[in-house]
Structures are given as structure tokens and as C-alpha cells.
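So this one's final.pdb, PDB, C-alpha atoms, pLDDT in the B column:
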```
ATOM      1  CA  MET A   1     100.181  76.883  91.771  1.00 76.00           C
ATOM      2  CA  LEU A   2     100.792  73.848  93.984  1.00 85.00           C
ATOM      3  CA  VAL A   3     103.755  73.504  96.316  1.00 91.00           C
ATOM      4  CA  ARG A   4     104.932  70.282  97.928  1.00 93.00           C
ATOM      5  CA  LYS A   5     107.212  69.304 100.788  1.00 95.00           C
ATOM      6  CA  ILE A   6     108.335  65.850 101.920  1.00 97.00           C
ATOM      7  CA  TRP A   7     109.605  64.710 105.322  1.00 96.00           C
ATOM      8  CA  PHE A   8     111.008  61.335 106.416  1.00 96.00           C
ATOM      9  CA  SER A   9     111.388  60.004 109.949  1.00 93.00           C
ATOM     10  CA  ASN A  10     113.610  56.905 110.205  1.00 87.00           C
ATOM     11  CA  PRO A  11     112.313  55.286 106.986  1.00 91.00           C
ATOM     12  CA  SER A  12     113.605  52.091 105.426  1.00 93.00           C
ATOM     13  CA  LYS A  13     115.670  52.299 102.262  1.00 94.00           C
ATOM     14  CA  GLU A  14     112.633  51.061 100.311  1.00 94.00           C
ATOM     15  CA  LEU A  15     110.335  53.764 101.631  1.00 95.00           C
ATOM     16  CA  ARG A  16     112.914  56.494 101.038  1.00 96.00           C
ATOM     17  CA  SER A  17     113.126  55.325  97.411  1.00 96.00           C
ATOM     18  CA  LEU A  18     109.497  56.422  96.997  1.00 97.00           C
ATOM     19  CA  ARG A  19     110.446  60.107  97.312  1.00 97.00           C
ATOM     20  CA  ARG A  20     110.132  60.582  93.555  1.00 97.00           C
ATOM     21  CA  VAL A  21     106.655  59.024  93.599  1.00 98.00           C
ATOM     22  CA  LEU A  22     105.556  61.371  96.372  1.00 98.00           C
ATOM     23  CA  ASN A  23     106.953  64.296  94.423  1.00 97.00           C
ATOM     24  CA  GLU A  24     105.151  63.036  91.310  1.00 98.00           C
ATOM     25  CA  LEU A  25     101.877  62.951  93.224  1.00 98.00           C
ATOM     26  CA  GLY A  26     102.068  66.747  93.379  1.00 96.00           C
ATOM     27  CA  ASP A  27     102.326  66.841  89.575  1.00 96.00           C
ATOM     28  CA  VAL A  28      99.385  64.444  89.279  1.00 96.00           C
ATOM     29  CA  HIS A  29      97.292  66.809  91.410  1.00 95.00           C
ATOM     30  CA  LYS A  30      98.442  69.794  89.365  1.00 93.00           C
ATOM     31  CA  ASP A  31      97.541  68.092  86.082  1.00 94.00           C
ATOM     32  CA  TYR A  32      94.170  66.974  87.389  1.00 93.00           C
ATOM     33  CA  ILE A  33      93.301  70.473  88.581  1.00 91.00           C
ATOM     34  CA  ALA A  34      94.449  72.002  85.282  1.00 90.00           C
ATOM     35  CA  GLY A  35      92.359  69.588  83.222  1.00 88.00           C
ATOM     36  CA  GLY A  36      89.403  69.201  85.526  1.00 73.00           C
ATOM     37  CA  ALA A  37      87.472  72.365  84.647  1.00 66.00           C
ATOM     38  CA  GLY A  38      87.748  73.739  88.163  1.00 71.00           C
ATOM     39  CA  ASP A  39      87.376  70.394  89.915  1.00 86.00           C
ATOM     40  CA  CYS A  40      89.446  69.783  93.043  1.00 87.00           C
ATOM     41  CA  PRO A  41      90.778  66.409  94.286  1.00 92.00           C
ATOM     42  CA  TYR A  42      90.614  67.578  97.906  1.00 92.00           C
ATOM     43  CA  TRP A  43      86.829  67.428  97.922  1.00 90.00           C
ATOM     44  CA  TYR A  44      86.797  63.670  97.461  1.00 93.00           C
ATOM     45  CA  GLY A  45      87.157  60.585  99.623  1.00 93.00           C
ATOM     46  CA  GLU A  46      89.577  57.731 100.014  1.00 95.00           C
ATOM     47  CA  ARG A  47      89.174  55.973  96.657  1.00 95.00           C
ATOM     48  CA  PRO A  48      89.976  58.966  94.430  1.00 96.00           C
ATOM     49  CA  HIS A  49      93.076  59.735  96.498  1.00 97.00           C
ATOM     50  CA  ILE A  50      94.273  56.159  96.113  1.00 97.00           C
ATOM     51  CA  SER A  51      93.723  56.337  92.346  1.00 96.00           C
ATOM     52  CA  LEU A  52      95.802  59.534  92.111  1.00 97.00           C
ATOM     53  CA  LEU A  53      98.605  57.883  94.094  1.00 98.00           C
ATOM     54  CA  SER A  54      98.414  54.894  91.725  1.00 98.00           C
ATOM     55  CA  ALA A  55      98.831  57.280  88.805  1.00 98.00           C
ATOM     56  CA  ALA A  56     101.983  58.703  90.415  1.00 98.00           C
ATOM     57  CA  PHE A  57     103.504  55.215  90.604  1.00 98.00           C
ATOM     58  CA  TRP A  58     102.723  54.458  86.965  1.00 98.00           C
ATOM     59  CA  ARG A  59     104.136  57.817  85.828  1.00 98.00           C
ATOM     60  CA  GLN A  60     107.386  56.980  87.625  1.00 98.00           C
ATOM     61  CA  ARG A  61     107.560  53.578  85.872  1.00 97.00           C
ATOM     62  CA  GLY A  62     106.305  51.740  88.916  1.00 98.00           C
ATOM     63  CA  ILE A  63     103.371  49.340  89.188  1.00 97.00           C
ATOM     64  CA  ALA A  64     100.145  49.860  91.130  1.00 97.00           C
ATOM     65  CA  LEU A  65      96.907  47.947  91.566  1.00 95.00           C
ATOM     66  CA  ASP A  66      94.088  49.256  93.718  1.00 92.00           C
ATOM     67  CA  GLU A  67      90.954  47.671  95.183  1.00 86.00           C
ATOM     68  CA  TYR A  68      92.082  44.132  94.409  1.00 80.00           C
ATOM     69  CA  GLY A  69      90.711  40.883  95.805  1.00 67.00           C
ATOM     70  CA  GLY A  70      92.733  39.018  98.387  1.00 64.00           C
ATOM     71  CA  HIS A  71      92.473  37.554 101.856  1.00 56.00           C
ATOM     72  CA  LYS A  72      92.628  39.053 105.320  1.00 59.00           C
ATOM     73  CA  ILE A  73      92.766  37.717 108.842  1.00 57.00           C
ATOM     74  CA  ARG A  74      89.600  38.600 110.715  1.00 56.00           C
ATOM     75  CA  GLU A  75      88.795  37.125 114.106  1.00 51.00           C
ATOM     76  CA  ARG A  76      91.777  34.796 113.599  1.00 54.00           C
ATOM     77  CA  LYS A  77      90.233  33.383 110.439  1.00 54.00           C
ATOM     78  CA  ARG A  78      91.359  33.694 106.832  1.00 57.00           C
ATOM     79  CA  LYS A  79      88.551  35.411 104.960  1.00 57.00           C
ATOM     80  CA  PRO A  80      88.145  36.951 101.484  1.00 53.00           C
ATOM     81  CA  GLY A  81      88.555  40.697 101.380  1.00 60.00           C
ATOM     82  CA  ARG A  82      89.615  43.628  99.255  1.00 74.00           C
ATOM     83  CA  CYS A  83      92.939  45.397  99.672  1.00 84.00           C
ATOM     84  CA  ASP A  84      93.231  49.106  99.042  1.00 91.00           C
ATOM     85  CA  LEU A  85      96.466  49.234  97.078  1.00 94.00           C
ATOM     86  CA  TRP A  86      99.560  47.275  96.078  1.00 92.00           C
ATOM     87  CA  VAL A  87     102.567  49.163  94.719  1.00 95.00           C
ATOM     88  CA  LYS A  88     106.022  48.324  93.443  1.00 95.00           C
ATOM     89  CA  LEU A  89     108.903  50.545  92.398  1.00 96.00           C
ATOM     90  CA  ASN A  90     112.195  48.793  91.676  1.00 94.00           C
ATOM     91  CA  ASN A  91     112.919  46.823  94.880  1.00 89.00           C
ATOM     92  CA  ALA A  92     110.252  48.604  96.946  1.00 91.00           C
ATOM     93  CA  ASP A  93     107.159  46.406  97.272  1.00 90.00           C
ATOM     94  CA  PHE A  94     104.252  47.335  99.553  1.00 93.00           C
ATOM     95  CA  GLY A  95     100.693  46.309 100.321  1.00 91.00           C
ATOM     96  CA  CYS A  96      98.776  49.386 101.495  1.00 93.00           C
ATOM     97  CA  GLU A  97      95.650  50.202 103.468  1.00 94.00           C
ATOM     98  CA  ALA A  98      94.346  53.760 103.491  1.00 96.00           C
ATOM     99  CA  LYS A  99      92.116  56.083 105.481  1.00 97.00           C
ATOM    100  CA  ARG A 100      90.841  59.556 104.675  1.00 96.00           C
ATOM    101  CA  LEU A 101      90.352  62.283 107.282  1.00 96.00           C
ATOM    102  CA  TRP A 102      88.388  65.508 106.789  1.00 94.00           C
ATOM    103  CA  LEU A 103      89.997  67.836 109.354  1.00 94.00           C
ATOM    104  CA  ASN A 104      88.423  71.096 110.484  1.00 91.00           C
ATOM    105  CA  LEU A 105      91.312  73.457 111.234  1.00 85.00           C
ATOM    106  CA  GLY A 106      89.107  75.580 113.431  1.00 72.00           C
ATOM    107  CA  LYS A 107      89.712  73.049 116.176  1.00 65.00           C
ATOM    108  CA  ASN A 108      92.686  72.607 118.523  1.00 85.00           C
ATOM    109  CA  ILE A 109      95.957  71.659 116.752  1.00 87.00           C
ATOM    110  CA  GLU A 110      96.819  69.088 119.431  1.00 90.00           C
ATOM    111  CA  ARG A 111      93.479  67.392 118.893  1.00 90.00           C
ATOM    112  CA  SER A 112      93.877  67.573 115.121  1.00 91.00           C
ATOM    113  CA  THR A 113      97.272  65.879 115.308  1.00 93.00           C
ATOM    114  CA  LYS A 114      95.862  63.189 117.591  1.00 93.00           C
ATOM    115  CA  ARG A 115      93.062  62.473 115.112  1.00 94.00           C
ATOM    116  CA  ILE A 116      95.587  62.040 112.289  1.00 96.00           C
ATOM    117  CA  TYR A 117      97.585  59.519 114.299  1.00 95.00           C
ATOM    118  CA  GLU A 118      94.420  57.696 115.366  1.00 96.00           C
ATOM    119  CA  ARG A 119      93.391  57.286 111.743  1.00 96.00           C
ATOM    120  CA  LEU A 120      96.925  56.232 110.803  1.00 95.00           C
ATOM    121  CA  ASP A 121      96.793  53.589 113.550  1.00 95.00           C
ATOM    122  CA  GLN A 122      93.544  52.259 112.053  1.00 94.00           C
ATOM    123  CA  ALA A 123      95.229  51.928 108.661  1.00 95.00           C
ATOM    124  CA  LYS A 124      98.199  50.189 110.307  1.00 92.00           C
ATOM    125  CA  ARG A 125      95.908  47.615 111.911  1.00 89.00           C
ATOM    126  CA  ASP A 126      94.274  46.995 108.535  1.00 88.00           C
ATOM    127  CA  VAL A 127      97.672  46.430 106.923  1.00 87.00           C
ATOM    128  CA  GLY A 128      98.414  43.881 109.626  1.00 78.00           C
ATOM    129  CA  CYS A 129      95.382  41.875 108.468  1.00 76.00           C
ATOM    130  CA  LEU A 130      96.737  41.431 104.938  1.00 72.00           C
ATOM    131  CA  LEU A 131      97.834  37.882 104.251  1.00 52.00           C
ATOM    132  CA  ASP A 132      99.187  37.916 100.750  1.00 51.00           C
ATOM    133  CA  ALA A 133     100.614  41.422 100.400  1.00 46.00           C
ATOM    134  CA  LYS A 134     104.157  40.997  99.116  1.00 53.00           C
ATOM    135  CA  GLY A 135     106.994  42.793 100.849  1.00 56.00           C
ATOM    136  CA  LYS A 136     106.318  45.342 103.546  1.00 84.00           C
ATOM    137  CA  GLY A 137     103.110  47.223 104.233  1.00 92.00           C
ATOM    138  CA  LEU A 138     102.222  50.906 104.272  1.00 95.00           C
ATOM    139  CA  ALA A 139      99.520  52.579 106.310  1.00 96.00           C
ATOM    140  CA  LEU A 140      98.271  55.691 104.507  1.00 97.00           C
ATOM    141  CA  CYS A 141      96.215  58.572 105.861  1.00 98.00           C
ATOM    142  CA  PHE A 142      94.996  61.179 103.358  1.00 98.00           C
ATOM    143  CA  VAL A 143      94.215  64.291 105.404  1.00 97.00           C
ATOM    144  CA  THR A 144      92.114  67.102 103.926  1.00 95.00           C
ATOM    145  CA  PRO A 145      92.424  70.195 106.138  1.00 94.00           C
ATOM    146  CA  VAL A 146      89.517  72.609 105.807  1.00 93.00           C
ATOM    147  CA  VAL A 147      88.416  75.888 107.332  1.00 90.00           C
ATOM    148  CA  HIS A 148      85.176  77.813 106.952  1.00 90.00           C
ATOM    149  CA  LYS A 149      85.345  80.832 104.657  1.00 90.00           C
ATOM    150  CA  SER A 150      84.534  83.084 107.601  1.00 91.00           C
ATOM    151  CA  LYS A 151      87.934  82.143 109.112  1.00 87.00           C
ATOM    152  CA  LEU A 152      90.002  82.775 105.975  1.00 86.00           C
ATOM    153  CA  ALA A 153      92.282  85.168 107.864  1.00 87.00           C
ATOM    154  CA  THR A 154      93.540  82.325 110.080  1.00 86.00           C
ATOM    155  CA  LEU A 155      93.882  79.679 107.345  1.00 88.00           C
ATOM    156  CA  ASP A 156      97.584  80.034 106.505  1.00 88.00           C
ATOM    157  CA  THR A 157      98.534  80.163 110.177  1.00 89.00           C
ATOM    158  CA  GLN A 158      96.446  77.102 111.002  1.00 90.00           C
ATOM    159  CA  VAL A 159      98.001  75.122 108.143  1.00 91.00           C
ATOM    160  CA  ARG A 160     101.534  76.123 109.168  1.00 91.00           C
ATOM    161  CA  ASN A 161     100.864  75.178 112.786  1.00 92.00           C
ATOM    162  CA  LEU A 162      99.442  71.785 111.833  1.00 93.00           C
ATOM    163  CA  ILE A 163     102.339  70.928 109.524  1.00 93.00           C
ATOM    164  CA  LYS A 164     104.918  72.146 112.063  1.00 93.00           C
ATOM    165  CA  LYS A 165     103.304  70.085 114.818  1.00 93.00           C
ATOM    166  CA  ILE A 166     103.025  66.813 112.938  1.00 93.00           C
ATOM    167  CA  SER A 167     106.345  67.054 111.061  1.00 92.00           C
ATOM    168  CA  SER A 168     108.233  67.629 114.320  1.00 90.00           C
ATOM    169  CA  GLY A 169     106.918  64.351 115.732  1.00 86.00           C
ATOM    170  CA  SER A 170     108.115  60.797 115.150  1.00 85.00           C
ATOM    171  CA  GLN A 171     104.880  58.863 114.715  1.00 89.00           C
ATOM    172  CA  TYR A 172     105.156  58.833 110.933  1.00 94.00           C
ATOM    173  CA  ASP A 173     107.754  57.426 108.527  1.00 96.00           C
ATOM    174  CA  ALA A 174     106.973  59.731 105.595  1.00 97.00           C
ATOM    175  CA  LEU A 175     104.904  62.880 105.276  1.00 97.00           C
ATOM    176  CA  LEU A 176     103.851  64.807 102.177  1.00 98.00           C
ATOM    177  CA  TRP A 177     102.191  68.205 101.960  1.00 97.00           C
ATOM    178  CA  ILE A 178     100.676  69.372  98.660  1.00 96.00           C
ATOM    179  CA  GLY A 179      99.390  72.893  99.138  1.00 93.00           C
ATOM    180  CA  VAL A 180      97.675  75.620  97.161  1.00 87.00           C
ATOM    181  CA  LYS A 181      99.743  78.784  96.846  1.00 77.00           C
ATOM    182  CA  GLY A 182      99.351  82.003  94.923  1.00 63.00           C
ATOM    183  CA  GLN A 183      95.678  81.485  94.059  1.00 62.00           C
ATOM    184  CA  LYS A 184      92.279  81.412  95.672  1.00 68.00           C
ATOM    185  CA  HIS A 185      91.771  78.367  97.843  1.00 76.00           C
ATOM    186  CA  PHE A 186      89.238  75.858  96.568  1.00 87.00           C
ATOM    187  CA  GLU A 187      85.787  76.403  98.047  1.00 88.00           C
ATOM    188  CA  ASP A 188      82.903  73.924  98.237  1.00 87.00           C
ATOM    189  CA  GLN A 189      79.168  74.581  98.293  1.00 85.00           C
ATOM    190  CA  ARG A 190      79.161  74.797 102.083  1.00 89.00           C
ATOM    191  CA  ASN A 191      81.719  77.631 101.988  1.00 91.00           C
ATOM    192  CA  PHE A 192      84.606  75.532 103.302  1.00 91.00           C
ATOM    193  CA  LEU A 193      88.088  76.280 101.948  1.00 92.00           C
ATOM    194  CA  TYR A 194      90.509  73.492 100.964  1.00 93.00           C
ATOM    195  CA  PRO A 195      94.207  74.470 101.137  1.00 93.00           C
ATOM    196  CA  GLY A 196      95.657  71.115 100.028  1.00 94.00           C
ATOM    197  CA  LEU A 197      96.426  67.553 101.079  1.00 96.00           C
ATOM    198  CA  LEU A 198      98.550  66.070 103.860  1.00 97.00           C
ATOM    199  CA  LEU A 199      99.539  62.428 103.321  1.00 98.00           C
ATOM    200  CA  ALA A 200     100.901  60.647 106.397  1.00 97.00           C
ATOM    201  CA  ILE A 201     102.591  57.265 105.903  1.00 97.00           C
ATOM    202  CA  ARG A 202     103.728  54.614 108.350  1.00 96.00           C
ATOM    203  CA  GLU A 203     105.613  51.448 107.477  1.00 94.00           C
ATOM    204  CA  VAL A 204     104.421  48.089 108.767  1.00 90.00           C
ATOM    205  CA  ARG A 205     107.524  45.932 108.959  1.00 79.00           C
TER     206      ARG A 205
END
```
Would you encode the structure as C-alpha cells?
Amino acid sequence: MLVRKIWFSNPSKELRSLRRVLNELGDVHKDYIAGGAGDCPYWYGERPHISLLSAAFWRQRGIALDEYGGHKIRERKRKPGRCDLWVKLNNADFGCEAKRLWLNLGKNIERSTKRIYERLDQAKRDVGCLLDAKGKGLALCFVTPVVHKSKLATLDTQVRNLIKKISSGSQYDALLWIGVKGQKHFEDQRNFLYPGLLLAIREVR
């Protein structure tokens, strides 16, 4: 079973309208896990997470295009580049740049939160380089919290502390947690446990 929770912090009307897409992303994860013969989306990098978010837009009758050719400003020059994602839902229209963070929960929560915001800042700078993204921009940070199997007893507490810490702040505009509940946490070949996905979003206005 997957649970999800969404927070907003002073979002625009357009970003708030994406609540149903964020909620749908939880269903996309659930369907992938159910049909993936034990595969887990939390093991993967940036591109698969972007593709799953694209699927959530399409399932909510939105439009999404990922890894498309465009132009960016680099060193004050207009140069060809590739943009991570463009999405549209009704009047909400965003060009997006994304980062993925593998976060070891065995470390200090303050440091973990700082790393999330650092990665979100990197995505924000990338959005600022987009020239032909229509509408506003979104910086996305897909965070995969992990803990070694030997620290299973502390996993739920560590996850709660991380979510409490980051959701109580104001350095994000939207936050989504999709978490595993009521079943064994996904485990990789290195004996790390994956309790879910934290997606942090910041608008670039």
C-alpha cells in the first residue's frame, strides 16, 4: 500500500491547480509497482521519475513532453540544449528542470534538509536558463530517502523527522510524499531500504 501527502507553501493559483496531478502521481507509482513484477521506481534516477510525472499529467488530461530540444542561456549566450520537462494543465503552463537526490537517512536531519534545498536551488538555476519555456517554471527535486537494512528499527522515525523538518519550512512551494505503508520496504542488492519518494517543488516566477 502507498500513502501520499501534499503540502503547499504560498503557491500560485496555477501551481495549486496541480494538486490532482500530484495525487495522481501516487496512483502512477502504485500501478507501476503492481505491474512491475516486484520492480520499484525508487531505485531509479532522474529520467524515470520525470517519465512517471509525465504519465500523471496525461492521466489527468494534461499535456507533458520530456527531454525536448530547445535553447538555454549559458555564459550569456543562446545555445542549443535539452529541457527536462514541459507540462500544461488547463491554464497552468510550466517549463521544468529536475534533479534527483539519493539521501541516506542515517545522517543528520539538518544536513539532509540542507542537501535537498541545495539540489532544489540547482534545479531553479537551470530553469532560469530556459529561453523558450512557456509560462512559469518549476524546479523539481526527486528525493529518494534510504537507510541500510541494519538500521530498520529507526527507519520510520527518520522518515517522519525528515518530512516534519522540511514541511515546516518555507523554502518550497509544493511538497509531495509517496510512502510505503503496511508492507515490507523495498530492498536493493546492497541491502538498502527504500521507504518512498519525496518530491520538492519550487516555482520560478
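Here atom CA of A:Arg202 and atom CA of A:Lys124 stand 7.3 Å from one another.
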Given 5 Å of margin on each side, can you work out the centre and size in Å (one decimal) of an axis-aligned box holding every listed atom of stretch 166-170 of chain A, as AutoDock Vina command-line options?
```
--center_x 105.6 --center_y 64.2 --center_z 113.4 --size_x 15.2 --size_y 16.8 --size_z 14.7
```
Name the residues that the PyMOL selection byres ((chain A and resi 52) around 9) pulls out of this structure, and write them as a compact mmCIF listing (two decimals) with C-alpha atoms, in the coordinates of the input.
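Saved file result34.txt follows:
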```
# COMPACT_ATOMS: atom_id res chain seq x y z
CA LEU A 25 101.88 62.95 93.22
CA VAL A 28 99.38 64.44 89.28
CA HIS A 29 97.29 66.81 91.41
CA TYR A 32 94.17 66.97 87.39
CA PRO A 41 90.78 66.41 94.29
CA ARG A 47 89.17 55.97 96.66
CA PRO A 48 89.98 58.97 94.43
CA HIS A 49 93.08 59.74 96.50
CA ILE A 50 94.27 56.16 96.11
CA SER A 51 93.72 56.34 92.35
CA LEU A 53 98.60 57.88 94.09
CA SER A 54 98.41 54.89 91.72
CA ALA A 55 98.83 57.28 88.80
CA ALA A 56 101.98 58.70 90.42
CA PHE A 57 103.50 55.22 90.60
```
* Written as a PyMOL selection string, which residues does the PyMOL selection byres ((chain A and resi 103) around 12) give for the file shown? -> chain A and resi 42-43+100-102+104-109+111-116+119+141-148+158-159+162+192-198
Put those residues in a file: C-alpha atoms, as a compact mmCIF listing (two decimals), in the coordinates of the input.
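Written out: out.txt:
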```txt
# COMPACT_ATOMS: atom_id res chain seq x y z
CA TYR A 42 90.61 67.58 97.91
CA TRP A 43 86.83 67.43 97.92
CA ARG A 100 90.84 59.56 104.68
CA LEU A 101 90.35 62.28 107.28
CA TRP A 102 88.39 65.51 106.79
CA ASN A 104 88.42 71.10 110.48
CA LEU A 105 91.31 73.46 111.23
CA GLY A 106 89.11 75.58 113.43
CA LYS A 107 89.71 73.05 116.18
CA ASN A 108 92.69 72.61 118.52
CA ILE A 109 95.96 71.66 116.75
CA ARG A 111 93.48 67.39 118.89
CA SER A 112 93.88 67.57 115.12
CA THR A 113 97.27 65.88 115.31
CA LYS A 114 95.86 63.19 117.59
CA ARG A 115 93.06 62.47 115.11
CA ILE A 116 95.59 62.04 112.29
CA ARG A 119 93.39 57.29 111.74
CA CYS A 141 96.22 58.57 105.86
CA PHE A 142 95.00 61.18 103.36
CA VAL A 143 94.22 64.29 105.40
CA THR A 144 92.11 67.10 103.93
CA PRO A 145 92.42 70.19 106.14
CA VAL A 146 89.52 72.61 105.81
CA VAL A 147 88.42 75.89 107.33
CA HIS A 148 85.18 77.81 106.95
CA GLN A 158 96.45 77.10 111.00
CA VAL A 159 98.00 75.12 108.14
CA LEU A 162 99.44 71.78 111.83
CA PHE A 192 84.61 75.53 103.30
CA LEU A 193 88.09 76.28 101.95
CA TYR A 194 90.51 73.49 100.96
CA PRO A 195 94.21 74.47 101.14
CA GLY A 196 95.66 71.11 100.03
CA LEU A 197 96.43 67.55 101.08
CA LEU A 198 98.55 66.07 103.86
```
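Using all atoms listed in the file for every distance, the candidate list A:Asp66, A:Glu97, A:Glu110, A:Glu46 yields A:Glu97 as the residue closest to A:Cys129.
If you look at atom CA of A:Arg190 and atom CA of A:Leu176, they are 26.6 Å away from each other.
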* To do: Tell me which protein, DNA and RNA residues are within 10 Å of A:Glu203, counting only C-alpha atoms, leaving out same-chain ones fewer than 6 positions away, and put them as a PyMOL selection string.
  => chain A and resi 11-12+15+94+96+124+127+136-140+172-174
* Find the spatial neighbours of A:Asn23, counting all atoms listed in the file, within a cut-off of 12 Å - ignore same-chain residues fewer than 6 positions away - and output them as number ranges by chain. => A: 2-7, 16-17, 29-30, 53, 56-57, 59-60, 175-178, 199
For A:Leu89, please output as a PDB file with C-alpha atoms, in the coordinates of the input all residues within 9 Å (counting only C-alpha atoms; exclusion window: fewer than 2 positions along the same chain).
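Wrote out_8.pdb, looks like this:
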```
ATOM      1  CA  GLU A  14     112.633  51.061 100.311  1.00 94.00           C
ATOM      2  CA  SER A  17     113.126  55.325  97.411  1.00 96.00           C
ATOM      3  CA  LEU A  18     109.497  56.422  96.997  1.00 97.00           C
ATOM      4  CA  VAL A  21     106.655  59.024  93.599  1.00 98.00           C
ATOM      5  CA  PHE A  57     103.504  55.215  90.604  1.00 98.00           C
ATOM      6  CA  GLN A  60     107.386  56.980  87.625  1.00 98.00           C
ATOM      7  CA  ARG A  61     107.560  53.578  85.872  1.00 97.00           C
ATOM      8  CA  GLY A  62     106.305  51.740  88.916  1.00 98.00           C
ATOM      9  CA  ILE A  63     103.371  49.340  89.188  1.00 97.00           C
ATOM     10  CA  ALA A  64     100.145  49.860  91.130  1.00 97.00           C
ATOM     11  CA  VAL A  87     102.567  49.163  94.719  1.00 95.00           C
ATOM     12  CA  ASN A  91     112.919  46.823  94.880  1.00 89.00           C
ATOM     13  CA  ALA A  92     110.252  48.604  96.946  1.00 91.00           C
ATOM     14  CA  ASP A  93     107.159  46.406  97.272  1.00 90.00           C
TER      15      ASP A  93
END
```
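Between atom CA of A:Arg125 and atom CA of A:Glu67 the interatomic distance comes to 17.4 Å.
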Missing atoms of stretch 4-17 of chain A rebuilt to N, CA and C atoms, written as a compact mmCIF listing (two decimals), in the coordinates of the input:
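Result file result.txt:
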```txt
# COMPACT_ATOMS: atom_id res chain seq x y z
N ARG A 4 104.89 71.56 97.21
CA ARG A 4 104.93 70.28 97.93
C ARG A 4 106.18 70.23 98.80
N LYS A 5 106.07 69.51 99.90
CA LYS A 5 107.21 69.30 100.79
C LYS A 5 107.12 67.89 101.35
N ILE A 6 108.28 67.24 101.48
CA ILE A 6 108.34 65.85 101.92
C ILE A 6 109.24 65.75 103.14
N TRP A 7 108.81 65.00 104.14
CA TRP A 7 109.60 64.71 105.32
C TRP A 7 109.72 63.20 105.49
N PHE A 8 110.84 62.74 106.04
CA PHE A 8 111.01 61.34 106.42
C PHE A 8 111.43 61.27 107.88
N SER A 9 111.00 60.22 108.56
CA SER A 9 111.39 60.00 109.95
C SER A 9 111.78 58.54 110.12
N ASN A 10 113.08 58.26 110.06
CA ASN A 10 113.61 56.90 110.20
C ASN A 10 112.99 55.90 109.24
N PRO A 11 112.93 56.21 107.94
CA PRO A 11 112.31 55.29 106.99
C PRO A 11 113.28 54.19 106.57
N SER A 12 112.75 53.10 106.04
CA SER A 12 113.60 52.09 105.43
C SER A 12 114.14 52.62 104.10
N LYS A 13 115.12 51.92 103.56
CA LYS A 13 115.67 52.30 102.26
C LYS A 13 114.58 52.23 101.19
N GLU A 14 113.70 51.23 101.30
CA GLU A 14 112.63 51.06 100.31
C GLU A 14 111.65 52.22 100.35
N LEU A 15 111.27 52.64 101.54
CA LEU A 15 110.34 53.76 101.63
C LEU A 15 110.99 55.05 101.14
N ARG A 16 112.24 55.28 101.49
CA ARG A 16 112.91 56.49 101.04
C ARG A 16 112.99 56.54 99.52
N SER A 17 113.05 55.36 98.88
CA SER A 17 113.13 55.32 97.41
C SER A 17 111.84 55.81 96.76
```
